[in-house]
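**Q** Dropping a structure here in C-alpha cells format, bear with me for questions.
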Amino acid sequence: MRICNFLSGLLDMLVSMSDKELKRLSVLQEICDQRISQSQAAQLLHISERQIRRLLQKYKVQGPAALAHAARGQPSNSKIPEELRLKCLNIVSDQFHGFGPTLAHEKLTTVHGFDISVETLRSWMIAANLWIPRSKRLKRPYQPRYNRDCYGELIQIDGSHHDWFEGRAPKCCLLVFIDDATGKLQHLRFCESESTFDYMLSTRAYIEQLGKPLAFYSDKHSVFRVNQSSKKDTKITQFGRVLNMLNIDIIFANSPQAKGRVERANRTLQDRLIKEMRLEGISSIAEANIWLPRFIEQFNQKFAKIAFNPKDLHRSVTETPEELDDIFTWREPRRVTNSLTITYDKCVYILESTEENQKLIGKYIEFLEYPDGTVAIEYQGRKITYSIFDKLSQLNQREIVENKRLGSVLAHIQQQHEELEQHNQRNRSQKMPSRRAQKTAIQQRNLNPVLDLEMPV
C-alpha cells in the first residue's frame, strides 16, 4: 500500500516541459548556484532582467512546475464545443452516409448552417471511423495473368509520347503494337500525335502485313472509346467502326497495369530505341519509320518468346484495296438540302444535278475523309460527283492591287474578314478530326480544301 502511494505521489510530481522551458530551468538553477548573474542569464535566454527576476521568484516558490506553461494539458480556449461536434457527426452518419469530408462540409454549411472548416470535419470523421484517409486505404491488388495461348489472339496497342529524337526533332508519339502471347513487336510507327488517322494508317499497315488479329487490347483513349456523352448519341468511335467492319474486337483495359506488356515495352523502347536511332544518325520521323522494320526484327530476335499454342490466329484480309480505302475513313452523315448541297467543316459541297441525285433531297448521305487527305461523298456504296464552294477561301492580295477600281471595296471586305478572324468565326470547326496524319501523304484524289488552306506554301 505504501509503495502504491509513493508511486502515485511521483506521478503527481511529473511535469512535462518543452526544450525552451528545460533551458530556462537549467539557467535559473545556475543562478541559484551563483554560477552566473541575472544579467548573463537574460542574455542567454534573450529576455529582460525583470523577466528573469519574475521567473526566479516563481521558481523558488513553486519549483520546476512554475516554468511549465499553465495551459498545458488543458482544453484549448478556441476548442469547438463537444455538443457541436457530436451533432455534426450524428448528421453525417445518419444523412450523409458515404460522403467525403469536402462534400459533407458543403452540405453542413449550406443546408444546416454550421460554421466549421473542412479539415476540422475531416479529423472528426477520421476519429469516428466515418472516413478512411487515402494513406490508410488498402491498395488495389493487381494480380498477374498468364499470356494468351496463341499468336495473334490479343494485340496490345498504345501510344508513347516522348522526346524520341533527344532534341534533334520535336517530341512525337510512337504507336506500339505488341502480341500478348509471344511479346513480339508487331508494328511500330512514329507520328506527331496519337490521332484516329494515325491509328488507321498503322492498323492498315499491320493487317496488310500480318493479317487480322482476333482482338486489340487498349486503354480508354478517346480514339478507341466514347468517353463523353454527346448530342449525336454515338456509342462507337471512328476507329471502333473501322475495327467492327474488319471483324476485329477491341477490349478496354481498366488500368495501365492491366496492359503491362505494352507498358513495359514502351519503357524498354524509350531506352534502347532512342540509343539505336542516335547511333544510326536518325533525326526525323520519316527516316525513323523507314528504319523501324529492321529494329523490330532485331528486337524480336532478342526478346520474343514462343507461344504456348503454335496456332496462328491471324486471319487473311479478304477485302480489296479499294474496299480497305473506304473502310479506313472518317465518316460523317450529312443531310442533302433542297439545293443539292451538303456542308462539312464550313465548306459547301454542291452535288451534281442529276435525276438520281434529285432523289437524295432530304436524305442523309455519308461524307468520307481519307487518311491521305482526300474526300468523297457516298450513298449506299455509290460515289457521288460534286464541286466545292469554300466559305473560308482566302483573298488574293495580288488581285486587290491590280484591280484599282475595286481596291476600296476589296479593302473593306478584307477588313471584315479580319474582324471575323479576330472573333474566331473564320476558323475550321474544332469538332473535326485531327489532320496531322493527312498532311504527310497527298495523293491523286479530290483534295480536302481544309488541307489545301492549311498546307504551307
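Chains: A, B, ... in order of the C-alpha cells. Residues: from 1 per chain. Ligands: from 1, in order shown.
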Could you pull out the helix (DSSP H, G or I) residues of region 202-361 of chain A, going by DSSP on the backbone, and write them as a VMD selection string?

**A** chain A and resid 202 to 210 238 to 245 256 to 280 285 to 303 321 to 327 355 to 358

**Q** Using only C-alpha atoms, which protein or nucleic acid residues come within 12 Å of Glu166 (chain A)? Drop anything in the same chain fewer than 6 positions from it, and give the result as an NGL selection string.

**A** :A and (172 or 270-271 or 273-278 or 281-284)

**Q** Determine the nearest neighbour of Pro333 (chain A) from the options A:Glu369, A:Glu82, A:Ile157, A:Asn300, counting only C-alpha atoms.

**A**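 So, comparing all the options, the nearest one is A:Glu369.
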
**Q** What lies within 8 Å of Ser160 (chain A) using only C-alpha atoms, ignoring chain neighbours under 6 positions off, as a list in words?

**A**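 Neighbouring residues, sequence-local ones excluded: Cys173, Leu174, Leu175, Val176 and Asn266 of chain A.
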
**Q** With C-alpha atoms retained, write the just-selected residues as a PDB file, in the first residue's frame.

**A**
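The resulting file, again.pdb, is shown below:
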```
ATOM      1  CA  CYS A 173       4.390   9.769 -80.387  1.00  0.00           C
ATOM      2  CA  LEU A 174       5.304   6.148 -81.079  1.00  0.00           C
ATOM      3  CA  LEU A 175       2.397   3.801 -81.814  1.00  0.00           C
ATOM      4  CA  VAL A 176       3.228   0.333 -80.483  1.00  0.00           C
ATOM      5  CA  ASN A 266       7.356   1.297 -74.014  1.00  0.00           C
TER       6      ASN A 266
END
```

**Q** Write out as a ChimeraX atom specification all residues of region 246-424 of chain A that backbone DSSP assigns to strand (DSSP E).

**A** /A:249-252,309-312,330-335,341-344,347-351,364-369,375-379,382-383,386-390

**Q** So that I have them on file, write out the residues from the current selection with N, CA and C atoms, as a short mmCIF file (atom, residue, chain, number, x, y, z; two decimals), in the first residue's frame.

**A**
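What follows is the written file out11.cif:
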```
data_model
loop_
_atom_site.label_atom_id
_atom_site.label_comp_id
_atom_site.auth_asym_id
_atom_site.auth_seq_id
_atom_site.Cartn_x
_atom_site.Cartn_y
_atom_site.Cartn_z
N ASP A 249 -12.29 -7.36 -82.74
CA ASP A 249 -12.81 -6.86 -81.48
C ASP A 249 -11.79 -5.94 -80.81
N ILE A 250 -12.27 -5.09 -79.91
CA ILE A 250 -11.39 -4.24 -79.12
C ILE A 250 -11.83 -4.32 -77.66
N ILE A 251 -10.87 -4.54 -76.78
CA ILE A 251 -11.12 -4.68 -75.35
C ILE A 251 -10.40 -3.53 -74.64
N PHE A 252 -11.08 -2.91 -73.66
CA PHE A 252 -10.51 -1.76 -72.96
C PHE A 252 -9.97 -2.18 -71.61
N ASN A 309 0.61 -22.20 -77.55
CA ASN A 309 -0.03 -22.95 -78.62
C ASN A 309 0.53 -22.45 -79.96
N PRO A 310 1.06 -23.30 -80.81
CA PRO A 310 1.69 -22.83 -82.05
C PRO A 310 0.71 -22.31 -83.10
N LYS A 311 -0.57 -22.37 -82.85
CA LYS A 311 -1.56 -21.94 -83.84
C LYS A 311 -1.52 -20.42 -84.00
N ASP A 312 -1.58 -19.98 -85.25
CA ASP A 312 -1.61 -18.55 -85.56
C ASP A 312 -3.06 -18.15 -85.83
N TRP A 330 -12.78 8.54 -92.22
CA TRP A 330 -13.60 9.24 -91.22
C TRP A 330 -14.93 9.53 -91.88
N ARG A 331 -16.02 8.99 -91.34
CA ARG A 331 -17.34 9.09 -91.97
C ARG A 331 -18.26 9.95 -91.12
N GLU A 332 -18.92 10.90 -91.77
CA GLU A 332 -19.88 11.76 -91.10
C GLU A 332 -21.15 11.84 -91.94
N PRO A 333 -22.34 11.63 -91.33
CA PRO A 333 -23.59 11.77 -92.09
C PRO A 333 -23.94 13.24 -92.31
N ARG A 334 -24.43 13.54 -93.51
CA ARG A 334 -24.85 14.90 -93.85
C ARG A 334 -26.17 14.83 -94.61
N ARG A 335 -27.05 15.80 -94.32
CA ARG A 335 -28.37 15.85 -94.95
C ARG A 335 -28.31 16.72 -96.20
N THR A 341 -27.00 20.44 -101.86
CA THR A 341 -25.73 20.77 -101.23
C THR A 341 -25.66 20.13 -99.84
N ILE A 342 -24.45 19.90 -99.40
CA ILE A 342 -24.19 19.50 -98.02
C ILE A 342 -23.06 20.38 -97.49
N THR A 343 -22.99 20.51 -96.19
CA THR A 343 -21.96 21.33 -95.55
C THR A 343 -21.11 20.44 -94.66
N TYR A 344 -19.78 20.59 -94.80
CA TYR A 344 -18.85 19.85 -93.95
C TYR A 344 -17.67 20.76 -93.63
N CYS A 347 -17.40 24.09 -95.39
CA CYS A 347 -17.29 24.04 -96.84
C CYS A 347 -18.61 23.51 -97.40
N VAL A 348 -19.07 24.11 -98.49
CA VAL A 348 -20.32 23.68 -99.14
C VAL A 348 -19.95 22.79 -100.32
N TYR A 349 -20.49 21.58 -100.33
CA TYR A 349 -20.25 20.63 -101.42
C TYR A 349 -21.51 20.54 -102.26
N ILE A 350 -21.40 20.93 -103.52
CA ILE A 350 -22.54 21.01 -104.44
C ILE A 350 -22.60 19.71 -105.24
N LEU A 351 -23.68 18.95 -105.05
CA LEU A 351 -23.83 17.68 -105.76
C LEU A 351 -24.22 17.94 -107.21
N TYR A 364 -30.02 11.48 -95.76
CA TYR A 364 -28.68 11.58 -95.21
C TYR A 364 -27.72 10.74 -96.06
N ILE A 365 -26.62 11.37 -96.45
CA ILE A 365 -25.57 10.68 -97.17
C ILE A 365 -24.30 10.76 -96.32
N GLU A 366 -23.28 10.01 -96.71
CA GLU A 366 -22.06 9.95 -95.92
C GLU A 366 -20.94 10.73 -96.58
N PHE A 367 -20.26 11.54 -95.74
CA PHE A 367 -19.09 12.27 -96.19
C PHE A 367 -17.86 11.51 -95.72
N LEU A 368 -16.97 11.15 -96.63
CA LEU A 368 -15.80 10.34 -96.33
C LEU A 368 -14.54 11.19 -96.40
N GLU A 369 -13.74 11.12 -95.34
CA GLU A 369 -12.45 11.80 -95.33
C GLU A 369 -11.37 10.74 -95.14
N VAL A 375 -11.19 13.44 -100.03
CA VAL A 375 -12.56 13.34 -99.55
C VAL A 375 -13.43 12.73 -100.64
N ALA A 376 -14.57 12.22 -100.23
CA ALA A 376 -15.55 11.66 -101.16
C ALA A 376 -16.92 11.72 -100.51
N ILE A 377 -17.95 11.63 -101.34
CA ILE A 377 -19.34 11.61 -100.87
C ILE A 377 -19.97 10.32 -101.38
N GLU A 378 -20.67 9.62 -100.50
CA GLU A 378 -21.17 8.28 -100.84
C GLU A 378 -22.59 8.11 -100.32
N TYR A 379 -23.37 7.36 -101.08
CA TYR A 379 -24.72 6.99 -100.66
C TYR A 379 -24.97 5.54 -101.07
N ARG A 382 -22.53 4.08 -103.48
CA ARG A 382 -22.36 4.79 -104.75
C ARG A 382 -21.67 6.13 -104.50
N LYS A 383 -20.56 6.37 -105.21
CA LYS A 383 -19.86 7.63 -105.11
C LYS A 383 -20.61 8.70 -105.90
N TYR A 386 -19.28 15.85 -107.25
CA TYR A 386 -19.59 17.11 -106.58
C TYR A 386 -18.58 18.17 -106.98
N SER A 387 -18.91 19.41 -106.64
CA SER A 387 -17.96 20.52 -106.72
C SER A 387 -17.95 21.22 -105.37
N ILE A 388 -16.93 22.04 -105.15
CA ILE A 388 -16.71 22.61 -103.82
C ILE A 388 -16.86 24.11 -103.86
N PHE A 389 -17.59 24.64 -102.86
CA PHE A 389 -17.65 26.08 -102.61
C PHE A 389 -17.18 26.30 -101.18
N ASP A 390 -15.97 26.87 -101.04
CA ASP A 390 -15.37 27.05 -99.72
C ASP A 390 -15.73 28.43 -99.18
#
```
